[in-house]
Every structure is written in C-alpha cells, then in structure tokens.
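For reference, target-v6.txt (compact mmCIF, C-alpha atoms and all ligand atoms):
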# COMPACT_ATOMS: atom_id res chain seq x y z
CA MET A 291 11.87 7.49 20.78
CA PRO A 292 10.51 6.21 17.45
CA ASP A 293 7.67 8.07 15.76
CA LYS A 294 4.23 6.98 16.81
CA LEU A 295 3.07 3.96 14.81
CA ILE A 296 1.40 4.74 11.48
CA ILE A 297 -1.09 2.02 10.54
CA GLU A 298 -2.02 1.82 6.87
CA VAL A 299 -4.89 -0.42 5.82
CA ARG A 300 -4.49 -2.23 2.50
CA SER A 301 -8.17 -2.81 2.26
CA ASN A 302 -8.79 -4.92 -0.82
CA GLU A 303 -6.06 -5.05 -3.50
CA TRP A 304 -7.38 -7.74 -5.88
CA ALA A 305 -8.45 -10.16 -3.16
CA MET A 306 -11.72 -11.96 -3.81
CA ARG A 307 -14.22 -13.06 -1.17
CA ASN A 308 -13.64 -16.81 -1.52
CA LEU A 309 -11.19 -16.80 1.40
CA ASN A 310 -12.74 -13.99 3.45
CA PRO A 311 -16.19 -12.51 2.73
CA ASN A 312 -15.26 -9.19 4.39
CA VAL A 313 -13.15 -7.91 1.46
CA PRO A 314 -14.81 -4.59 0.45
CA TYR A 315 -15.64 -4.12 -3.25
CA SER A 316 -18.00 -1.16 -3.78
CA PRO A 317 -17.16 2.47 -2.97
CA GLN A 318 -19.67 2.34 -0.08
CA GLU A 319 -18.17 -0.89 1.28
CA ILE A 320 -14.61 0.43 1.01
CA ALA A 321 -15.64 3.70 2.69
CA ASP A 322 -17.52 1.95 5.53
CA ASP A 323 -14.54 -0.34 6.05
CA ALA A 324 -12.15 2.64 6.03
CA ILE A 325 -14.18 4.53 8.64
CA ALA A 326 -14.24 1.46 10.92
CA CYS A 327 -10.46 1.12 10.48
CA ALA A 328 -9.92 4.82 11.24
CA ASN A 329 -11.96 4.44 14.42
CA ALA A 330 -9.79 1.44 15.36
CA GLY A 331 -6.54 3.41 14.92
CA ALA A 332 -5.59 3.41 11.22
CA SER A 333 -4.32 6.67 9.74
CA VAL A 334 -3.90 5.70 6.05
CA ILE A 335 -6.28 3.82 3.77
CA HIS A 336 -5.12 2.23 0.51
CA TYR A 337 -7.69 0.79 -1.87
CA HIS A 338 -8.23 -0.52 -5.40
CA ALA A 339 -11.40 0.28 -7.35
CA ARG A 340 -13.41 -2.89 -7.88
CA ASN A 341 -16.59 -3.76 -9.72
CA PRO A 342 -19.21 -3.38 -6.94
CA SER A 343 -21.03 -6.61 -7.74
CA THR A 344 -18.41 -8.94 -9.21
CA GLY A 345 -15.26 -7.66 -7.49
CA GLU A 346 -13.41 -7.60 -10.81
CA ARG A 347 -10.73 -4.96 -11.31
CA SER A 348 -12.22 -1.58 -12.19
CA THR A 349 -10.69 1.39 -13.96
CA SER A 350 -13.80 3.54 -13.46
CA LEU A 351 -13.09 7.09 -12.32
CA SER A 352 -16.40 7.15 -10.44
CA HIS A 353 -15.48 4.01 -8.48
CA TYR A 354 -12.25 5.73 -7.40
CA ALA A 355 -13.73 9.17 -6.75
CA ASP A 356 -16.95 8.02 -5.02
CA THR A 357 -14.85 6.07 -2.53
CA VAL A 358 -12.86 9.16 -1.51
CA ARG A 359 -15.99 11.31 -1.35
CA LEU A 360 -17.83 8.81 0.83
CA ILE A 361 -14.87 8.63 3.23
CA LYS A 362 -14.39 12.41 3.39
CA GLU A 363 -18.08 13.02 4.06
CA ARG A 364 -17.56 11.21 7.37
CA ASN A 365 -13.84 11.62 8.07
CA LYS A 366 -11.79 14.42 6.51
CA ASP A 367 -8.66 13.46 8.44
CA LEU A 368 -7.90 9.96 7.16
CA ILE A 369 -5.04 9.89 4.62
CA ILE A 370 -6.24 8.29 1.40
CA MET A 371 -4.07 6.43 -1.11
CA PRO A 372 -5.80 4.98 -4.19
CA THR A 373 -3.77 2.61 -6.34
CA LEU A 374 -2.64 3.45 -9.85
CA GLY A 375 -3.99 1.47 -12.79
CA MET A 376 -1.40 -1.23 -12.34
CA GLY A 377 -2.19 -4.44 -14.17
CA THR A 378 -5.39 -2.93 -15.53
CA LEU A 379 -3.88 -0.32 -17.86
CA SER A 380 -0.61 -0.31 -19.74
CA GLU A 381 -0.10 3.32 -20.76
CA ARG A 382 1.46 5.37 -17.96
CA ALA A 383 -0.76 8.40 -18.59
CA GLN A 384 -3.83 6.18 -18.23
CA ARG A 385 -2.45 4.52 -15.11
CA ILE A 386 -2.38 7.85 -13.25
CA ASP A 387 -5.31 9.57 -14.98
CA HIS A 388 -7.81 9.06 -12.12
CA ILE A 389 -5.37 10.62 -9.62
CA VAL A 390 -4.99 13.70 -11.84
CA LYS A 391 -8.75 14.00 -12.23
CA MET A 392 -9.51 13.55 -8.52
CA ALA A 393 -6.83 15.97 -7.28
CA PRO A 394 -8.46 19.37 -8.00
CA ASP A 395 -11.58 18.72 -5.88
CA PRO A 396 -10.90 18.79 -2.10
CA MET A 397 -13.62 16.16 -1.62
CA THR A 398 -11.88 13.66 -3.91
CA ARG A 399 -8.22 14.65 -3.59
CA PRO A 400 -5.93 11.78 -2.56
CA GLU A 401 -2.89 12.76 -0.50
CA LEU A 402 -0.72 9.75 -1.37
CA ALA A 403 -0.29 7.56 -4.46
CA PRO A 404 2.14 4.70 -5.02
CA ILE A 405 5.14 4.54 -7.33
CA ASP A 406 6.52 1.00 -7.73
CA LEU A 407 10.29 1.33 -8.08
CA ILE A 408 10.85 -1.87 -10.01
CA THR A 409 10.19 -3.79 -13.18
CA CYS A 410 9.66 -7.39 -12.17
CA ASN A 411 7.89 -10.69 -12.71
CA LEU A 412 4.64 -10.72 -10.76
CA ASP A 413 4.06 -14.33 -11.70
CA ARG A 414 3.50 -17.04 -9.11
CA TYR A 415 5.14 -20.42 -8.92
CA LEU A 416 2.57 -23.11 -8.17
CA PRO A 417 4.39 -25.92 -6.37
CA ALA A 418 1.45 -28.37 -6.54
CA SER A 419 1.55 -28.36 -10.34
CA ARG A 420 5.24 -27.37 -10.61
CA MET A 421 4.26 -24.60 -13.00
CA PHE A 422 4.37 -20.84 -13.28
CA GLU A 423 0.87 -19.39 -13.14
CA THR A 424 0.98 -17.23 -16.27
CA ARG A 425 4.66 -17.31 -17.32
CA ASN A 426 4.25 -13.74 -18.53
CA ALA A 427 3.13 -11.40 -15.72
CA VAL A 428 5.71 -8.66 -16.16
CA PHE A 429 5.11 -5.52 -14.08
CA GLU A 430 6.83 -2.79 -16.05
CA ASN A 431 7.93 0.46 -14.42
CA THR A 432 10.92 1.99 -16.17
CA PRO A 433 12.86 4.96 -14.75
CA ALA A 434 11.01 7.14 -17.31
CA THR A 435 7.75 5.98 -15.73
CA TRP A 436 8.98 6.76 -12.18
CA VAL A 437 9.94 10.28 -13.24
CA TYR A 438 6.66 10.76 -15.09
CA PHE A 439 4.60 9.62 -12.09
CA ALA A 440 6.67 11.72 -9.66
CA ASP A 441 6.35 14.85 -11.83
CA THR A 442 2.63 14.30 -12.38
CA MET A 443 1.90 13.69 -8.69
CA THR A 444 3.92 16.71 -7.61
CA SER A 445 2.12 18.90 -10.12
CA VAL A 446 -1.28 18.00 -8.63
CA GLY A 447 -0.19 18.06 -4.97
CA VAL A 448 -0.12 14.30 -4.32
CA LYS A 449 2.84 12.79 -2.47
CA PRO A 450 4.46 9.62 -3.85
CA ALA A 451 4.54 6.57 -1.59
CA LEU A 452 7.56 4.63 -2.83
CA ILE A 453 6.88 0.92 -3.13
CA ILE A 454 10.14 -0.87 -2.41
CA TRP A 455 10.23 -4.39 -3.83
CA ASP A 456 13.89 -5.15 -3.25
CA VAL A 457 17.19 -3.58 -2.24
CA ASN A 458 17.60 -2.08 -5.72
CA SER A 459 14.33 -0.18 -5.30
CA LEU A 460 16.06 1.64 -2.44
CA ARG A 461 18.84 2.71 -4.79
CA ALA A 462 16.20 4.03 -7.19
CA ALA A 463 14.57 5.96 -4.32
CA GLN A 464 17.90 7.55 -3.41
CA ALA A 465 18.50 8.48 -7.05
CA LEU A 466 15.07 10.11 -7.36
CA LEU A 467 15.71 12.12 -4.19
CA GLU A 468 19.12 13.23 -5.45
CA MET A 469 17.53 14.25 -8.77
CA GLY A 470 14.97 16.37 -6.96
CA GLN A 471 12.14 14.23 -8.38
CA ILE A 472 10.84 13.47 -4.88
CA ASN A 473 11.09 15.45 -1.69
CA SER A 474 12.24 14.63 1.81
CA PRO A 475 10.80 13.17 3.97
CA VAL A 476 10.58 10.01 1.88
CA TRP A 477 7.83 7.50 2.66
CA CYS A 478 8.74 3.91 1.67
CA GLU A 479 6.64 0.74 1.81
CA LEU A 480 8.74 -2.44 1.95
CA VAL A 481 7.21 -5.44 0.15
CA LEU A 482 7.35 -8.95 1.58
CA ALA A 483 5.58 -11.69 -0.38
CA GLU A 484 4.94 -15.42 -0.15
CA GLY A 485 2.46 -17.78 -1.86
CA GLY A 486 4.76 -18.38 -4.80
CA LEU A 487 5.05 -14.71 -5.80
CA LEU A 488 8.34 -14.13 -7.57
CA ALA A 489 8.82 -10.57 -6.38
CA GLY A 490 9.36 -8.96 -2.99
CA HIS A 491 11.44 -10.32 -0.12
CA PRO A 492 10.51 -13.46 1.87
CA GLY A 493 7.76 -12.77 4.43
CA THR A 494 9.99 -13.14 7.45
CA VAL A 495 11.96 -10.94 9.83
CA LYS A 496 15.05 -11.86 7.81
CA GLY A 497 13.30 -10.61 4.66
CA LEU A 498 12.60 -7.32 6.44
CA GLU A 499 16.14 -7.06 7.79
CA ALA A 500 17.57 -7.49 4.29
CA PHE A 501 15.79 -4.23 3.38
CA LEU A 502 16.88 -2.50 6.56
CA ASP A 503 20.54 -3.44 5.97
CA PHE A 504 20.40 -1.09 2.99
CA PHE A 505 17.79 1.43 4.15
CA PRO A 506 19.12 5.02 4.00
CA ALA A 507 19.95 6.42 7.41
CA GLY A 508 18.69 9.78 8.56
CA PRO A 509 15.56 11.57 9.63
CA GLY A 510 14.27 12.12 6.09
CA TRP A 511 13.36 8.46 5.54
CA SER A 512 10.45 6.50 7.02
CA TRP A 513 9.27 3.00 6.20
CA SER A 514 6.38 0.67 6.68
CA VAL A 515 6.25 -3.04 5.87
CA LEU A 516 3.56 -5.03 4.09
CA SER A 517 3.32 -8.71 3.29
CA SER A 518 1.41 -10.20 0.42
CA ARG A 519 -0.09 -13.67 0.84
CA CYS A 520 1.18 -14.26 4.36
CA ASN A 521 0.56 -13.24 7.97
CA LEU A 522 2.35 -9.96 8.71
CA LEU A 523 1.84 -10.06 12.50
CA PRO A 524 5.19 -11.69 13.46
CA VAL A 525 7.07 -9.27 11.20
CA ALA A 526 4.90 -6.35 12.38
CA ALA A 527 6.24 -6.83 15.90
CA ALA A 528 9.81 -6.74 14.54
CA ALA A 529 8.98 -3.63 12.48
CA MET A 530 7.54 -1.86 15.53
CA GLU A 531 10.62 -2.72 17.55
CA ARG A 532 12.83 -1.30 14.78
CA GLY A 533 10.95 1.98 14.50
CA GLY A 534 9.02 1.10 11.35
CA HIS A 535 5.33 1.34 10.52
CA VAL A 536 2.76 -1.24 9.43
CA SER A 537 0.72 -1.63 6.20
CA ILE A 538 -1.74 -4.48 6.56
CA GLY A 539 -5.15 -5.68 5.44
CA LEU A 540 -7.39 -8.20 3.75
CA GLY A 541 -6.12 -7.09 0.36
CA ASP A 542 -2.84 -8.82 1.12
CA TYR A 543 -3.96 -11.83 3.16
CA HIS A 544 -7.20 -13.26 4.55
CA TYR A 545 -5.92 -13.82 8.12
CA PRO A 546 -7.50 -17.18 9.03
CA GLU A 547 -5.34 -17.02 12.19
CA LEU A 548 -7.84 -14.39 13.44
CA GLY A 549 -10.96 -16.31 12.33
CA THR A 550 -12.76 -14.36 9.62
CA PRO A 551 -11.64 -10.83 10.50
CA THR A 552 -12.62 -7.51 8.98
CA ASN A 553 -9.93 -4.96 8.24
CA ALA A 554 -10.92 -3.14 11.45
CA THR A 555 -10.38 -6.35 13.47
CA ILE A 556 -6.87 -6.60 12.02
CA VAL A 557 -6.19 -2.94 12.90
CA GLU A 558 -7.38 -3.58 16.47
CA ARG A 559 -4.93 -6.46 16.68
CA ILE A 560 -2.04 -4.25 15.50
CA VAL A 561 -3.04 -1.52 17.98
CA ARG A 562 -3.03 -4.03 20.84
CA LEU A 563 0.36 -5.42 19.79
CA ALA A 564 1.81 -1.90 19.57
CA ARG A 565 0.46 -0.91 22.99
CA ASP A 566 1.80 -4.13 24.51
CA MET A 567 5.20 -3.22 23.07
CA GLY A 568 5.04 0.36 24.35
CA ARG A 569 4.59 1.98 20.94
CA GLU A 570 1.98 4.72 20.70
CA ILE A 571 -0.41 4.96 17.74
CA ALA A 572 -0.27 7.95 15.38
CA THR A 573 -3.42 9.85 14.58
CA ALA A 574 -3.93 10.81 10.93
CA SER A 575 -2.71 14.34 11.73
CA GLU A 576 0.43 12.95 13.34
CA ALA A 577 1.02 10.66 10.34
CA ARG A 578 0.55 13.68 8.07
CA ARG A 579 3.30 15.50 9.99
CA VAL A 580 5.71 12.54 9.66
CA MET A 581 5.12 12.36 5.89
CA ARG A 582 4.86 16.16 5.60
CA LEU A 583 1.68 16.09 3.52
ZN ZN B 601 -2.56 -1.82 -3.84

What does the file become when written as structure tokens?
Amino acid sequence: MPDKLIIEVRSNEWAMRNLNPNVPYSPQEIADDAIACANAGASVIHYHARNPSTGERSTSLSHYADTVRLIKERNKDLIIMPTLGMGTLSERAQRIDHIVKMAPDPMTRPELAPIDLITCNLDRYLPASRMFETRNAVFENTPATWVYFADTMTSVGVKPALIIWDVNSLRAAQALLEMGQINSPVWCELVLAEGGLLAGHPGTVKGLEAFLDFFPAGPGWSWSVLSSRCNLLPVAAAAMERGGHVSIGLGDYHYPELGTPTNATIVERIVRLARDMGREIATASEARRVMRL
C-alpha cells in the first residue's frame, strides 16, 4: 500500500493574473487561498512573497511572515513552505534570511524550505521569435550553497525539501544524505517543465519515468511531482499509480482546461482523481509523519 497522497499547493510562484485572475498576491490572499486548499485536501502550501498590489516579486520579511501568521491563526496544522529568495537575491545568506528570522516564532515558523540541487539555465526558448528570452538566466546553486542551506535550515529546525531538476540532482541528494547534511526520510520534488523552459524534464509521463529510473529505492525516500507551464493532471495520475505525491497550483500553470480555477478547485480535482484511483488523501498530520517533521 502506498502512503496516503500528499497534496502540495504551489500557490503563486511568479505567475501574474493575466492568464488567471485567481493567483494570490498579498499575504491575506495567499492565506485565504491556503485555507481553502487545506479544506479541499491539501496538506502542504508553498508560496512566494509578492507585492500585494502589483504582484511583483517581493523580498519583504513582513510579506513572508504575515502570510504564515495569517494561515496559522486559522489552521495550525497545514505544513508551510515559503520559497527562498531565488531570482530576487544573489547572496546565499540573503536568500535564506527570512527563513532564519521566521523560525524562532511558532506563529511564523515554516516547517519546510526548498533547496534546488542544480545550477542551470532558467531561460526560455521562444519558438515564435526563434530566440532565447534573456540569454542569461543562470540559476546558480553550487554544492557550497546546498551545504550552507542544509546547515542553516537544520540549525533553525526547518526541513529541506529537495528540488530535483534532473537525474543529477538525485545524485546530489544521495551525496548530501551520505554526508549527513540531510536526514532520512528525504522529501524530493521532481521538476517537469514545458513552455520553452530549458530546465527540468519534459512534462510527460516519460519525463517522470526518467526520474524514477534513477530514484533511490527504500523507505527513506519520498517524491512528489510538479510541472511548470503545463497541465500536471495526466502525469499526476501516473504519479499516484506509482506511489508518488502531487505538487500543483496556479503558480505553475493557469489550468484553462478547468475554466478559470482557483487553487482549491485544482486541489478538489486532484482529490477526486485520487479517490477514483483508490488512493487515500493524507491529512497534514499524516504528511508530517511521512516527512518526519
Ligand atoms: Zn516556488
């Protein structure tokens, strides 16, 4: 029997409202959205701080911390994973500073934070103009940065969620475990991406299976799958069948296939799919046990 299905909501990333007006920006909007998703069956919420009125990327500690506080005032159980300052800040100490500052207060403490186990090109190829979008969008995460983030998170009681961009990220994860930098059980999020993104695996079942061909065996390893800029639902079914979990939301894709959904609508759809396939849904406490938070 696979573990019950853990549903993580990737609520906003850097998505704007041009394609779907339900993308939450402000701490209140992100918190309201998270509560609705929790009620629908989600156990983990991942968010990026955004400027409340413009939606631009924010590095404000209060935007990060207010979001957690507003969620915890209504739901203390939901597992919360803010992003790091990726793409907004270059120094690694700055990238994780808000996590360190939120951790001591139980009302703002995140339980999970991501470590991207790759340095890669995050540029997009634009087929219509046969051009690269920026030609210079390097996402830099050296092994020194992985170790620094892992040490820092461990010291403040936050568990790393390992973001797995390709098969080599899995080798890095195994190395970090062997070094004692991270602890078992290991929680991995497998990245699929379309829309011209030059990182991640193709957003298909084959793209997922290429990860799983190299995924470490054993009870200490769990995975979920996400897909940037494409519909995850077909792959989500394959992930459920293979014992994996699902990370999904408007941050990654606007889901025109479902009309103009909210994040909670998308979660409801995943819950229905899981039930139809005979997979039970994990509560936040059950997810916490799987990840050993
Ligand atoms: Zn994110």

Site check for ligand ZN 601 (chain B): residues at most 9 Å away, all atoms listed in the file, as a PyMOL selection string
chain A and resi 300-304+336-338+371-374+376+404+541-542

Residue with smallest distance to Pro475 in chain A - pool A:Leu563, A:Leu583, A:Asp413, A:Lys496, counting only C-alpha atoms
A:Leu583

So that I can check the surroundings of range 522-530 of chain A, please list as a PyMOL selection string every protein, DNA and RNA residue that reaches within 9 Å of it, counting only C-alpha atoms and ignoring chain neighbours fewer than 6 positions away.
chain A and resi 292+295+482+493-495+498+514-516+536-538+543+559-560+563-564+567+569

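Among the candidate residues A:Gly486, A:Gly549, A:Gly497, A:Gly470, the one lying nearest to Asp456 in chain A is A:Gly497, with distances computed using only C-alpha atoms.
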
Rounded to one decimal place, report the CA of Ala332 in chain A-CA of Ala572 in chain A distance in Å.
8.1 Å

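Using only C-alpha atoms, the shortest contact distance between Phe422 in chain A and any of A:Ile472, A:Leu488, A:Ala483, A:Ile335 is found at A:Leu488.
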
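Minimum distance to Met581 in chain A across A:Thr555, A:Asn310, A:Thr398, A:Ser474 (counting all atoms listed in the file) occurs at A:Ser474.
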
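Each of A:Ser459, A:Thr435, A:Ser512, A:Asn426 was checked against Ala383 in chain A using only C-alpha atoms; the smallest atom-to-atom distance is that of A:Thr435.
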
Counting only C-alpha atoms, which residues come within 12 Å of (5.4, 15.8, -7.5), with the point read in the file's coordinates, and could you list them as JSON, numbers by chain?
{"A": [390, 401, 402, 403, 404, 405, 436, 437, 438, 439, 440, 441, 442, 443, 444, 445, 446, 447, 448, 449, 450, 451, 466, 467, 470, 471, 472, 473, 474, 583]}

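Atom pair CA of Gly485 in chain A / CA of Ile454 in chain A: separated by 18.6 Å.
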
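Residue nearest Arg414 in chain A within the list A:Met392, A:Leu487, A:Met469, A:Met397: A:Leu487 [criterion: smallest interatomic distance, all atoms listed in the file].
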
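Across the structure, CA of Arg307 in chain A and CA of Glu346 in chain A are spaced 11.1 Å apart.
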
(13.2, 7.7, 6.2) in this file's frame - what residues fall within 8 Å of it? Use all atoms listed in the file and give the answer as a list in words.
Pro475, Val476, Trp477, Cys478, Pro506, Ala507, Gly508, Pro509, Gly510, Trp511, Ser512 and Trp513 of chain A

List as an MDAnalysis selection string the protein and nucleic acid residues near His388 in chain A, meaning an atom at most 9 Å away when all atoms listed in the file are counted, but skip any in the same chain fewer than 3 places from it.
chainID A and resid 349:352 354:355 374:375 384:385 391:393
